[in-house]
file target-v9.pdb (PDB, C-alpha atoms and all ligand atoms)
ATOM      1  CA  MET A   1       0.000   0.000   0.000
ATOM      2  CA  SER A   2       1.442   3.373  -0.913
ATOM      3  CA  THR A   3       0.314   6.971  -0.999
ATOM      4  CA  GLY A   4      -1.271   8.094  -4.233
ATOM      5  CA  GLN A   5       0.047  10.796  -6.515
ATOM      6  CA  ILE A   6      -1.971  12.779  -8.994
ATOM      7  CA  ALA A   7       0.173  13.911 -11.920
ATOM      8  CA  ASP A   8      -1.746  16.886 -13.242
ATOM      9  CA  PRO A   9      -3.290  19.537 -11.076
ATOM     10  CA  ASN A  10      -6.691  20.886 -12.139
ATOM     11  CA  TRP A  11      -5.131  24.335 -12.229
ATOM     12  CA  SER A  12      -1.428  25.164 -12.404
ATOM     13  CA  VAL A  13      -2.019  28.923 -12.323
ATOM     14  CA  PRO A  14      -4.223  30.578  -9.692
ATOM     15  CA  GLN A  15      -7.901  30.607 -10.649
ATOM     16  CA  PRO A  16      -9.907  33.514  -9.255
ATOM     17  CA  LEU A  17     -12.728  31.877  -7.271
ATOM     18  CA  ARG A  18     -15.419  33.472  -5.165
ATOM     19  CA  VAL A  19     -16.068  32.629  -1.534
ATOM     20  CA  ALA A  20     -19.620  31.291  -1.300
ATOM     21  CA  ARG A  21     -19.798  30.407   2.388
ATOM     22  CA  ILE A  22     -17.701  30.895   5.468
ATOM     23  CA  ARG A  23     -18.001  29.388   8.924
ATOM     24  CA  ARG A  24     -16.122  30.561  12.012
ATOM     25  CA  GLU A  25     -14.893  27.353  13.634
ATOM     26  CA  ALA A  26     -12.908  28.623  16.611
ATOM     27  CA  ALA A  27     -10.766  31.623  17.578
ATOM     28  CA  ALA A  28      -8.828  32.626  14.430
ATOM     29  CA  VAL A  29     -10.006  29.515  12.543
ATOM     30  CA  ALA A  30     -12.442  29.634   9.637
ATOM     31  CA  THR A  31     -13.697  27.186   7.036
ATOM     32  CA  PHE A  32     -14.646  28.652   3.701
ATOM     33  CA  GLU A  33     -16.108  27.255   0.542
ATOM     34  CA  VAL A  34     -15.314  28.492  -2.950
ATOM     35  CA  THR A  35     -17.401  27.436  -5.926
ATOM     36  CA  THR A  36     -16.189  26.468  -9.377
ATOM     37  CA  THR A  37     -17.992  25.928 -12.657
ATOM     38  CA  SER A  38     -15.438  23.393 -13.934
ATOM     39  CA  PRO A  39     -15.221  20.139 -11.926
ATOM     40  CA  PHE A  40     -12.471  20.166  -9.330
ATOM     41  CA  VAL A  41     -11.113  16.669  -8.729
ATOM     42  CA  PHE A  42      -8.888  15.899  -5.757
ATOM     43  CA  SER A  43      -8.000  13.044  -3.452
ATOM     44  CA  ALA A  44      -8.235  13.094   0.331
ATOM     45  CA  GLY A  45      -5.074  14.552   1.875
ATOM     46  CA  GLN A  46      -4.089  16.836  -1.011
ATOM     47  CA  PHE A  47      -3.623  20.588  -0.688
ATOM     48  CA  ASN A  48      -4.121  23.737  -2.750
ATOM     49  CA  MET A  49      -2.060  26.914  -2.948
ATOM     50  CA  LEU A  50      -4.331  29.813  -1.951
ATOM     51  CA  TYR A  51      -3.451  33.295  -3.062
ATOM     52  CA  ALA A  52      -4.620  36.289  -1.032
ATOM     53  CA  PHE A  53      -4.334  39.093  -3.595
ATOM     54  CA  GLY A  54      -1.507  41.475  -2.861
ATOM     55  CA  LEU A  55      -0.222  39.404   0.079
ATOM     56  CA  GLY A  56       0.970  36.029  -1.131
ATOM     57  CA  GLU A  57       0.270  32.312  -1.314
ATOM     58  CA  VAL A  58       0.051  29.573   1.301
ATOM     59  CA  ALA A  59      -0.442  25.824   1.137
ATOM     60  CA  ILE A  60      -3.800  24.834   2.622
ATOM     61  CA  SER A  61      -5.225  21.317   2.833
ATOM     62  CA  ILE A  62      -8.511  20.649   1.111
ATOM     63  CA  SER A  63     -11.002  19.907   3.869
ATOM     64  CA  GLY A  64     -14.202  19.149   1.940
ATOM     65  CA  ASP A  65     -15.821  16.094   0.412
ATOM     66  CA  PRO A  66     -13.985  14.640  -2.624
ATOM     67  CA  ALA A  67     -17.377  13.670  -4.067
ATOM     68  CA  GLU A  68     -18.414  17.336  -4.380
ATOM     69  CA  GLU A  69     -16.656  18.611  -7.503
ATOM     70  CA  ASP A  70     -18.358  22.010  -7.738
ATOM     71  CA  ARG A  71     -17.108  23.428  -4.436
ATOM     72  CA  ILE A  72     -13.796  23.410  -2.582
ATOM     73  CA  MET A  73     -13.421  23.744   1.175
ATOM     74  CA  HIS A  74     -10.424  24.900   3.203
ATOM     75  CA  THR A  75      -9.983  25.427   6.930
ATOM     76  CA  VAL A  76      -7.444  28.059   7.917
ATOM     77  CA  ARG A  77      -5.931  29.216  11.186
ATOM     78  CA  GLY A  78      -4.662  32.789  11.089
ATOM     79  CA  VAL A  79      -1.029  32.841  12.227
ATOM     80  CA  GLY A  80       0.634  35.225   9.745
ATOM     81  CA  ALA A  81      -0.170  37.795   7.075
ATOM     82  CA  VAL A  82      -1.634  35.493   4.429
ATOM     83  CA  SER A  83      -3.456  33.073   6.719
ATOM     84  CA  ASN A  84      -4.923  35.961   8.735
ATOM     85  CA  ALA A  85      -6.231  37.538   5.542
ATOM     86  CA  LEU A  86      -7.814  34.207   4.548
ATOM     87  CA  THR A  87      -9.579  33.803   7.907
ATOM     88  CA  ARG A  88     -11.033  37.308   7.551
ATOM     89  CA  LEU A  89     -12.541  36.700   4.114
ATOM     90  CA  ARG A  90     -16.174  37.645   3.624
ATOM     91  CA  ARG A  91     -18.773  36.032   1.405
ATOM     92  CA  GLY A  92     -18.258  37.235  -2.169
ATOM     93  CA  ALA A  93     -14.517  37.841  -1.802
ATOM     94  CA  VAL A  94     -12.232  36.440  -4.507
ATOM     95  CA  ILE A  95      -9.074  34.392  -3.881
ATOM     96  CA  GLY A  96      -6.650  32.644  -6.230
ATOM     97  CA  VAL A  97      -6.609  28.826  -6.107
ATOM     98  CA  ARG A  98      -4.167  26.475  -7.811
ATOM     99  CA  GLY A  99      -3.856  22.750  -7.248
ATOM    100  CA  PRO A 100      -4.503  20.148  -6.057
ATOM    101  CA  TYR A 101      -0.978  19.107  -5.172
ATOM    102  CA  GLY A 102       0.755  16.298  -3.384
ATOM    103  CA  SER A 103       0.113  12.744  -2.329
ATOM    104  CA  CYS A 104      -3.058  11.483  -0.695
ATOM    105  CA  TRP A 105      -4.230   9.214   2.102
ATOM    106  CA  PRO A 106      -4.417   5.564   0.958
ATOM    107  CA  ILE A 107      -8.111   5.489   1.813
ATOM    108  CA  ALA A 108      -9.138   3.526  -1.287
ATOM    109  CA  GLU A 109      -6.345   0.995  -0.775
ATOM    110  CA  ALA A 110      -7.411   0.601   2.878
ATOM    111  CA  GLU A 111     -10.698  -1.031   1.860
ATOM    112  CA  GLY A 112     -11.036  -4.333   3.709
ATOM    113  CA  SER A 113      -9.018  -3.022   6.667
ATOM    114  CA  ASP A 114      -9.870  -1.230   9.883
ATOM    115  CA  VAL A 115      -9.129   2.490   9.517
ATOM    116  CA  VAL A 116      -7.870   4.421  12.526
ATOM    117  CA  MET A 117      -7.684   8.193  11.974
ATOM    118  CA  VAL A 118      -5.898  10.273  14.581
ATOM    119  CA  ALA A 119      -6.029  14.071  14.401
ATOM    120  CA  GLY A 120      -4.649  16.831  16.573
ATOM    121  CA  GLY A 121      -5.895  20.422  16.262
ATOM    122  CA  LEU A 122      -6.051  21.639  12.685
ATOM    123  CA  GLY A 123      -4.864  18.165  11.607
ATOM    124  CA  LEU A 124      -8.529  17.227  11.382
ATOM    125  CA  ALA A 125      -8.837  19.382   8.230
ATOM    126  CA  PRO A 126      -6.793  17.164   5.849
ATOM    127  CA  LEU A 127      -8.341  14.046   7.406
ATOM    128  CA  ARG A 128     -11.913  15.187   6.892
ATOM    129  CA  PRO A 129     -12.004  14.218   3.176
ATOM    130  CA  ALA A 130     -10.812  10.725   4.159
ATOM    131  CA  ILE A 131     -13.633  10.507   6.728
ATOM    132  CA  TYR A 132     -16.193  11.483   4.068
ATOM    133  CA  ARG A 133     -14.782   8.863   1.742
ATOM    134  CA  ALA A 134     -14.760   6.090   4.388
ATOM    135  CA  LEU A 135     -18.331   6.902   5.440
ATOM    136  CA  ALA A 136     -19.558   7.067   1.836
ATOM    137  CA  TYR A 137     -18.289   3.524   1.272
ATOM    138  CA  ARG A 138     -18.714   2.382   4.865
ATOM    139  CA  GLU A 139     -19.466  -1.263   3.991
ATOM    140  CA  ARG A 140     -16.029  -1.650   2.372
ATOM    141  CA  TYR A 141     -14.130  -1.132   5.656
ATOM    142  CA  GLY A 142     -13.794  -2.951   8.963
ATOM    143  CA  ARG A 143     -13.909  -0.662  11.978
ATOM    144  CA  VAL A 144     -13.720   3.067  11.279
ATOM    145  CA  VAL A 145     -12.268   5.018  14.192
ATOM    146  CA  LEU A 146     -11.650   8.759  14.569
ATOM    147  CA  LEU A 147      -9.655  10.038  17.526
ATOM    148  CA  TYR A 148      -9.460  13.804  17.744
ATOM    149  CA  GLY A 149      -7.681  16.044  20.207
ATOM    150  CA  ALA A 150      -8.221  19.807  20.552
ATOM    151  CA  ARG A 151      -6.768  22.335  22.963
ATOM    152  CA  GLY A 152     -10.087  23.087  24.629
ATOM    153  CA  PRO A 153     -13.812  22.594  23.983
ATOM    154  CA  THR A 154     -14.080  25.884  22.056
ATOM    155  CA  ASP A 155     -11.250  24.794  19.723
ATOM    156  CA  ILE A 156     -13.126  21.743  18.445
ATOM    157  CA  LEU A 157     -13.562  21.931  14.653
ATOM    158  CA  TYR A 158     -16.591  20.750  12.682
ATOM    159  CA  ARG A 159     -18.519  20.193  15.919
ATOM    160  CA  HIS A 160     -21.936  19.687  14.250
ATOM    161  CA  GLU A 161     -20.516  17.107  11.918
ATOM    162  CA  LEU A 162     -18.716  15.316  14.750
ATOM    163  CA  GLU A 163     -22.029  15.157  16.622
ATOM    164  CA  ARG A 164     -23.755  13.779  13.547
ATOM    165  CA  TRP A 165     -21.062  11.154  12.946
ATOM    166  CA  ARG A 166     -21.149  10.227  16.622
ATOM    167  CA  ARG A 167     -24.803   9.303  16.339
ATOM    168  CA  ARG A 168     -23.935   6.692  13.693
ATOM    169  CA  LEU A 169     -23.439   3.228  15.152
ATOM    170  CA  ASP A 170     -20.847   2.239  12.559
ATOM    171  CA  VAL A 171     -18.073   4.690  13.424
ATOM    172  CA  ASP A 172     -16.187   5.099  16.706
ATOM    173  CA  ILE A 173     -15.427   8.728  17.538
ATOM    174  CA  GLU A 174     -13.524   9.900  20.584
ATOM    175  CA  VAL A 175     -12.753  13.555  21.225
ATOM    176  CA  THR A 176     -10.372  14.733  23.901
ATOM    177  CA  VAL A 177      -9.202  18.171  25.023
ATOM    178  CA  ASP A 178      -6.030  19.305  26.762
ATOM    179  CA  HIS A 179      -7.862  21.529  29.254
ATOM    180  CA  ALA A 180     -11.502  22.058  30.108
ATOM    181  CA  ALA A 181     -13.749  23.630  32.707
ATOM    182  CA  ALA A 182     -15.667  21.441  35.147
ATOM    183  CA  ASP A 183     -18.761  21.332  32.931
ATOM    184  CA  TRP A 184     -16.921  19.416  30.169
ATOM    185  CA  ARG A 185     -18.055  15.806  30.312
ATOM    186  CA  GLY A 186     -15.732  14.378  27.688
ATOM    187  CA  ASN A 187     -12.142  13.097  27.711
ATOM    188  CA  VAL A 188      -9.293  15.261  28.986
ATOM    189  CA  GLY A 189      -5.700  14.521  27.971
ATOM    190  CA  GLY A 190      -3.602  13.950  24.861
ATOM    191  CA  VAL A 191      -5.057  12.092  21.897
ATOM    192  CA  PRO A 192      -2.356   9.352  21.948
ATOM    193  CA  ALA A 193      -3.693   8.265  25.361
ATOM    194  CA  LEU A 194      -6.930   7.152  23.646
ATOM    195  CA  ILE A 195      -5.152   4.596  21.470
ATOM    196  CA  PRO A 196      -4.754   1.819  24.095
ATOM    197  CA  ARG A 197      -8.506   2.075  24.857
ATOM    198  CA  ILE A 198     -10.008   1.649  21.425
ATOM    199  CA  SER A 199     -10.995  -1.526  19.719
ATOM    200  CA  PHE A 200      -9.420  -2.391  16.351
ATOM    201  CA  ASP A 201      -7.307  -5.144  14.806
ATOM    202  CA  PRO A 202      -3.704  -3.820  14.763
ATOM    203  CA  GLU A 203      -2.580  -6.392  12.203
ATOM    204  CA  HIS A 204      -5.245  -5.360   9.722
ATOM    205  CA  ALA A 205      -5.577  -1.681  10.461
ATOM    206  CA  VAL A 206      -4.347   1.313   8.508
ATOM    207  CA  ALA A 207      -3.613   4.393  10.628
ATOM    208  CA  LEU A 208      -3.820   7.944   9.236
ATOM    209  CA  VAL A 209      -2.243  10.557  11.490
ATOM    210  CA  CYS A 210      -2.153  14.346  11.223
ATOM    211  CA  GLY A 211      -1.342  17.014  13.771
ATOM    212  CA  PRO A 212       1.566  18.808  15.398
ATOM    213  CA  GLU A 213       4.795  16.801  15.080
ATOM    214  CA  ILE A 214       5.049  16.159  18.825
ATOM    215  CA  MET A 215       1.526  14.723  18.840
ATOM    216  CA  MET A 216       2.375  12.529  15.835
ATOM    217  CA  ARG A 217       5.485  11.181  17.605
ATOM    218  CA  PHE A 218       3.464  10.060  20.640
ATOM    219  CA  THR A 219       0.663   8.739  18.432
ATOM    220  CA  ILE A 220       3.065   6.636  16.395
ATOM    221  CA  ALA A 221       4.635   5.263  19.595
ATOM    222  CA  ALA A 222       1.171   4.314  20.922
ATOM    223  CA  LEU A 223       0.197   2.685  17.606
ATOM    224  CA  ARG A 224       3.478   0.751  17.549
ATOM    225  CA  ASP A 225       2.803  -0.395  21.161
ATOM    226  CA  ARG A 226      -0.549  -1.735  19.972
ATOM    227  CA  GLY A 227       1.281  -3.693  17.264
ATOM    228  CA  VAL A 228       0.550  -1.596  14.172
ATOM    229  CA  ALA A 229       3.388  -2.111  11.665
ATOM    230  CA  MET A 230       5.332   0.927  10.443
ATOM    231  CA  ASP A 231       4.184   0.355   6.867
ATOM    232  CA  ARG A 232       0.532   0.613   7.927
ATOM    233  CA  ILE A 233       0.955   4.085   9.440
ATOM    234  CA  TYR A 234       0.654   7.239   7.290
ATOM    235  CA  LEU A 235       1.258  10.798   8.367
ATOM    236  CA  SER A 236       0.927  14.237   6.859
ATOM    237  CA  MET A 237       3.971  16.509   7.078
ATOM    238  CA  GLU A 238       4.067  20.298   6.848
ATOM    239  CA  ARG A 239       7.011  22.292   5.546
ATOM    240  CA  ASN A 240       7.225  25.842   4.187
ATOM    241  CA  MET A 241       6.146  25.915   0.585
ATOM    242  CA  LYS A 242       6.652  28.265  -2.321
ATOM    243  CA  CYS A 243       6.258  26.645  -5.726
ATOM    244  CA  ALA A 244       4.391  23.441  -4.659
ATOM    245  CA  VAL A 245       5.669  21.661  -7.785
ATOM    246  CA  GLY A 246       9.088  20.374  -6.721
ATOM    247  CA  GLN A 247      11.109  23.251  -8.224
ATOM    248  CA  CYS A 248      12.205  25.667  -5.506
ATOM    249  CA  GLY A 249      13.465  23.356  -2.749
ATOM    250  CA  HIS A 250      11.703  25.231   0.059
ATOM    251  CA  CYS A 251       9.941  22.141   1.347
ATOM    252  CA  GLN A 252      12.902  19.755   1.267
ATOM    253  CA  PHE A 253      12.621  16.891   3.741
ATOM    254  CA  GLY A 254      15.737  14.723   3.423
ATOM    255  CA  PRO A 255      15.744  13.383  -0.154
ATOM    256  CA  ASP A 256      12.081  14.313  -0.673
ATOM    257  CA  PHE A 257      10.097  17.447  -1.353
ATOM    258  CA  VAL A 258       6.998  17.579   0.829
ATOM    259  CA  CYS A 259       5.012  19.206  -2.001
ATOM    260  CA  ARG A 260       5.831  16.388  -4.431
ATOM    261  CA  GLU A 261       6.461  13.146  -2.506
ATOM    262  CA  GLY A 262       4.261  14.299   0.393
ATOM    263  CA  PRO A 263       2.543  15.719   2.273
ATOM    264  CA  ILE A 264       1.278  12.195   3.085
ATOM    265  CA  PHE A 265       4.136   9.777   3.738
ATOM    266  CA  ARG A 266       4.119   6.142   4.771
ATOM    267  CA  PHE A 267       5.877   6.136   8.101
ATOM    268  CA  ASP A 268       8.483   3.436   7.362
ATOM    269  CA  ARG A 269       9.743   5.586   4.430
ATOM    270  CA  ILE A 270      10.497   8.603   6.589
ATOM    271  CA  ALA A 271      11.030   7.100  10.056
ATOM    272  CA  PRO A 272      14.810   7.785  10.213
ATOM    273  CA  LEU A 273      14.263  11.452   9.253
ATOM    274  CA  PHE A 274      11.143  11.914  11.351
ATOM    275  CA  ASN A 275      13.081  10.971  14.443
ATOM    276  CA  LEU A 276      15.692  13.676  13.753
ATOM    277  CA  ARG A 277      14.122  16.805  15.183
ATOM    278  CA  GLU A 278      16.270  19.300  13.259
ATOM    279  CA  ILE A 279      15.229  18.106   9.762
TER
HETATM  280  C1  LIG B 301       0.829  20.577   2.960
HETATM  281  C2  LIG B 301       0.428  21.708   3.882
HETATM  282  C3  LIG B 301      -0.899  21.813   4.271
HETATM  283  C4  LIG B 301      -1.301  22.842   5.121
HETATM  284  N1  LIG B 301      -2.610  22.905   5.465
HETATM  285  C5  LIG B 301      -3.015  23.937   6.240
HETATM  286  C6  LIG B 301      -4.412  24.068   6.570
HETATM  287  O1  LIG B 301      -5.257  23.244   6.175
HETATM  288  N2  LIG B 301      -4.778  25.122   7.325
HETATM  289  C7  LIG B 301      -3.863  26.064   7.797
HETATM  290  O2  LIG B 301      -4.266  27.008   8.484
HETATM  291  N3  LIG B 301      -2.550  25.945   7.496
HETATM  292  C8  LIG B 301      -2.113  24.932   6.733
HETATM  293  N4  LIG B 301      -0.787  24.844   6.406
HETATM  294  C9  LIG B 301       0.126  25.891   6.894
HETATM  295  C10 LIG B 301       0.102  27.099   5.924
HETATM  296  O3  LIG B 301       0.614  26.716   4.665
HETATM  297  C11 LIG B 301       0.945  28.289   6.399
HETATM  298  O4  LIG B 301       2.211  27.872   6.772
HETATM  299  C12 LIG B 301       0.350  29.017   7.547
HETATM  300  O5  LIG B 301      -0.991  29.347   7.242
HETATM  301  C13 LIG B 301       1.137  30.314   7.836
HETATM  302  O6  LIG B 301       1.212  31.107   6.690
HETATM  303  P1  LIG B 301       1.365  32.705   6.769
HETATM  304  O7  LIG B 301       2.045  33.118   5.505
HETATM  305  O8  LIG B 301       0.057  33.311   7.116
HETATM  306  O9  LIG B 301       2.278  32.935   8.025
HETATM  307  P2  LIG B 301       3.873  33.109   8.078
HETATM  308  O10 LIG B 301       4.195  34.530   7.768
HETATM  309  O11 LIG B 301       4.506  32.029   7.269
HETATM  310  O12 LIG B 301       4.116  32.800   9.609
HETATM  311  C14 LIG B 301       3.773  33.719  10.648
HETATM  312  C15 LIG B 301       4.153  33.100  11.985
HETATM  313  O13 LIG B 301       3.374  31.908  12.222
HETATM  314  C16 LIG B 301       4.228  30.769  12.416
HETATM  315  N5  LIG B 301       3.599  29.672  11.699
HETATM  316  C17 LIG B 301       3.745  29.372  10.380
HETATM  317  N6  LIG B 301       3.020  28.294  10.058
HETATM  318  C18 LIG B 301       2.381  27.913  11.191
HETATM  319  C19 LIG B 301       1.485  26.858  11.505
HETATM  320  N7  LIG B 301       1.102  25.965  10.566
HETATM  321  N8  LIG B 301       1.024  26.776  12.780
HETATM  322  C20 LIG B 301       1.411  27.670  13.719
HETATM  323  N9  LIG B 301       2.273  28.673  13.489
HETATM  324  C21 LIG B 301       2.756  28.785  12.237
HETATM  325  C22 LIG B 301       5.547  31.155  11.802
HETATM  326  O14 LIG B 301       6.613  30.469  12.455
HETATM  327  C23 LIG B 301       5.599  32.639  12.055
HETATM  328  O15 LIG B 301       6.059  32.912  13.358
HETATM  329  C24 LIG B 301      -0.350  23.795   5.589
HETATM  330  C25 LIG B 301       0.986  23.699   5.201
HETATM  331  C26 LIG B 301       1.369  22.646   4.365
HETATM  332  C27 LIG B 301       2.793  22.542   3.972
HETATM  333  S1  LIG B 302       7.539  24.101  -2.466
HETATM  334 FE1  LIG B 302       9.022  24.332  -4.011
HETATM  335  S2  LIG B 302       9.952  22.351  -4.012
HETATM  336 FE2  LIG B 302       8.257  22.094  -2.672
END
call {"tool": "encode", "arguments": {"input": "target-v9.pdb", "output": "structure tokens"}}
result
Amino acid sequence: MSTGQIADPNWSVPQPLRVARIRREAAAVATFEVTTTSPFVFSAGQFNMLYAFGLGEVAISISGDPAEEDRIMHTVRGVGAVSNALTRLRRGAVIGVRGPYGSCWPIAEAEGSDVVMVAGGLGLAPLRPAIYRALAYRERYGRVVLLYGARGPTDILYRHELERWRRRLDVDIEVTVDHAAADWRGNVGGVPALIPRISFDPEHAVALVCGPEIMMRFTIAALRDRGVAMDRIYLSMERNMKCAVGQCGHCQFGPDFVCREGPIFRFDRIAPLFNLREI
């Protein structure tokens, strides 16, 4: 099983697209939808380059449903000039979109297996298309598990959808927060601590992991303790990007470019580098 690669992006130059809807998810985090008249085809885990006119471009994961080809969703946290501008967009605003780029989660290849998705913070955004895909073809998978950790209850993304998915009997969803007030009745603690408690078959599971690197390290250790083999674990890496097409070298990660060979990597391929903190 390997990560997929799509050779040709839908758009290699930024397309001006209009924001049709925007939802405030949490402090400084927004999900917005742009519409397109030509079908936009992507695979779960891929990203687009979003251009805020006059400011610059950033890589942003596609967070919507791969089955919906007439709209594209992104979830952005404002941390710098470009991302802040994107989180402040209003309905009707125009942004530039090129992509999709990069490798994808092996969600189609995982059919027949249990799927364990582990997300920390904004890491839920690139996993959301994989969740849509797994739920759309639910009968093709064994157990489907989503473990999600947020900083606090008000940082939880896609809360209505999580509630809706939770009501399904065929998907196991656990949410945990780092800190909460006394009225929070859910889990408190890091997301890796949920892994020993959940039910899945480690020998026949595929794990998809996305979040801050420290969270991914502990998650991988917990998955390995449960007996999940390194070649059944996939993670999404973030590095600074410029060109997104393997030309500029900004996103170099050892011998790979994250924009071209990644952002989704099979863990056994990158384990020696992943364990070196300075890379
Ligand atoms: C494949 C890929 C997918 C990504 N998907 C998303 C996504 O779905 N949503 C999203 O919001 N971002 C995502 N990012 C991160 C995004 O591309 C930008 O790095 C980020 O939005 C900051 O861009 P900026 O130009 O606004 O800030 P910059 O001017 O680059 O940074 C401003 C400050 O924020 C810090 N910073 C930069 N990036 C981050 C970060 N990711 N988290 C916290 N602090 C940071 C910098 O160190 C700096 O101090 C992704 C990156 C990659 C490589
Ligand atoms: S962003 Fe230019 S090589 Fe990856």
call {"tool": "residues_near_ligand", "arguments": {"input": "target-v9.pdb", "ligand": "ligand LIG 302 (chain B)", "cutoff": "8 Å", "atoms": "only C-alpha atoms and all ligand atoms", "output": "count of residues only"}}
result
17
call {"tool": "resolve_selection", "arguments": {"input": "target-v9.pdb", "expression": "the PyMOL selection byres (((chain A and resi 13) around 12) and not hetatm)", "output": "list in words"}}
result
Pro9, Asn10, Trp11, Ser12, Pro14, Gln15, Pro16, Asn48, Met49, Leu50, Tyr51, Glu57, Gly96, Val97, Arg98, Gly99, Pro100, Cys243, Ala244 and Val245 of chain A
call {"tool": "atom_distance", "arguments": {"input": "target-v9.pdb", "atom1": "CA of Ala193 (chain A)", "atom2": "CA of Ile214 (chain A)"}}
result
13.5 Å
call {"tool": "residues_near_ligand", "arguments": {"input": "target-v9.pdb", "ligand": "ligand LIG 301 (chain B)", "cutoff": "9 Å", "atoms": "only C-alpha atoms and all ligand atoms", "output": "number ranges by chain"}}
result
A: 29-30, 45-50, 55-63, 74-87, 101-102, 122-126, 212, 236-241, 244, 251, 258-259, 262-264
call {"tool": "atom_distance", "arguments": {"input": "target-v9.pdb", "atom1": "CA of Met117 (chain A)", "atom2": "CA of Glu68 (chain A)"}}
result
21.6 Å
call {"tool": "residues_around", "arguments": {"input": "target-v9.pdb", "residues": "Pro106 (chain A)", "least_positions_apart": "2", "cutoff": "10 Å", "atoms": "all atoms listed in the file", "output": "JSON, numbers by chain"}}
result
{"A": [1, 2, 3, 4, 43, 44, 45, 103, 104, 108, 109, 110, 111, 130, 206, 207, 208, 232, 234, 264, 265, 266]}
call {"tool": "residues_around", "arguments": {"input": "target-v9.pdb", "residues": "Asp172 (chain A)", "least_positions_apart": "4", "cutoff": "8 Å", "atoms": "only C-alpha atoms", "output": "list in words"}}
result
Arg143, Val144, Val145, Leu146 and Arg166 of chain A
call {"tool": "atom_distance", "arguments": {"input": "target-v9.pdb", "atom1": "CA of Val188 (chain A)", "atom2": "CA of Asp65 (chain A)"}}
result
29.3 Å
call {"tool": "closest_residue", "arguments": {"input": "target-v9.pdb", "among": "A:Ile72, A:Ile195, A:Met215, A:Ala150", "to": "Ala26 (chain A)", "atoms": "only C-alpha atoms"}}
result
A:Ala150
call {"tool": "closest_residue", "arguments": {"input": "target-v9.pdb", "among": "A:Ala271, A:Leu162, A:Leu235, A:Val19", "to": "Glu174 (chain A)", "atoms": "all atoms listed in the file"}}
result
A:Leu162
call {"tool": "residues_around", "arguments": {"input": "target-v9.pdb", "residues": "region 179-182 of chain A", "least_positions_apart": "5", "cutoff": "7 Å", "atoms": "only C-alpha atoms", "output": "list in words"}}
result
Arg151, Gly152, Pro153 and Val188 of chain A
call {"tool": "resolve_selection", "arguments": {"input": "target-v9.pdb", "expression": "the PyMOL selection byres (((chain A and resi 34) around 8) and not hetatm)", "output": "VMD selection string"}}
result
chain A and resid 17 to 21 32 to 33 35 to 36 71 to 73
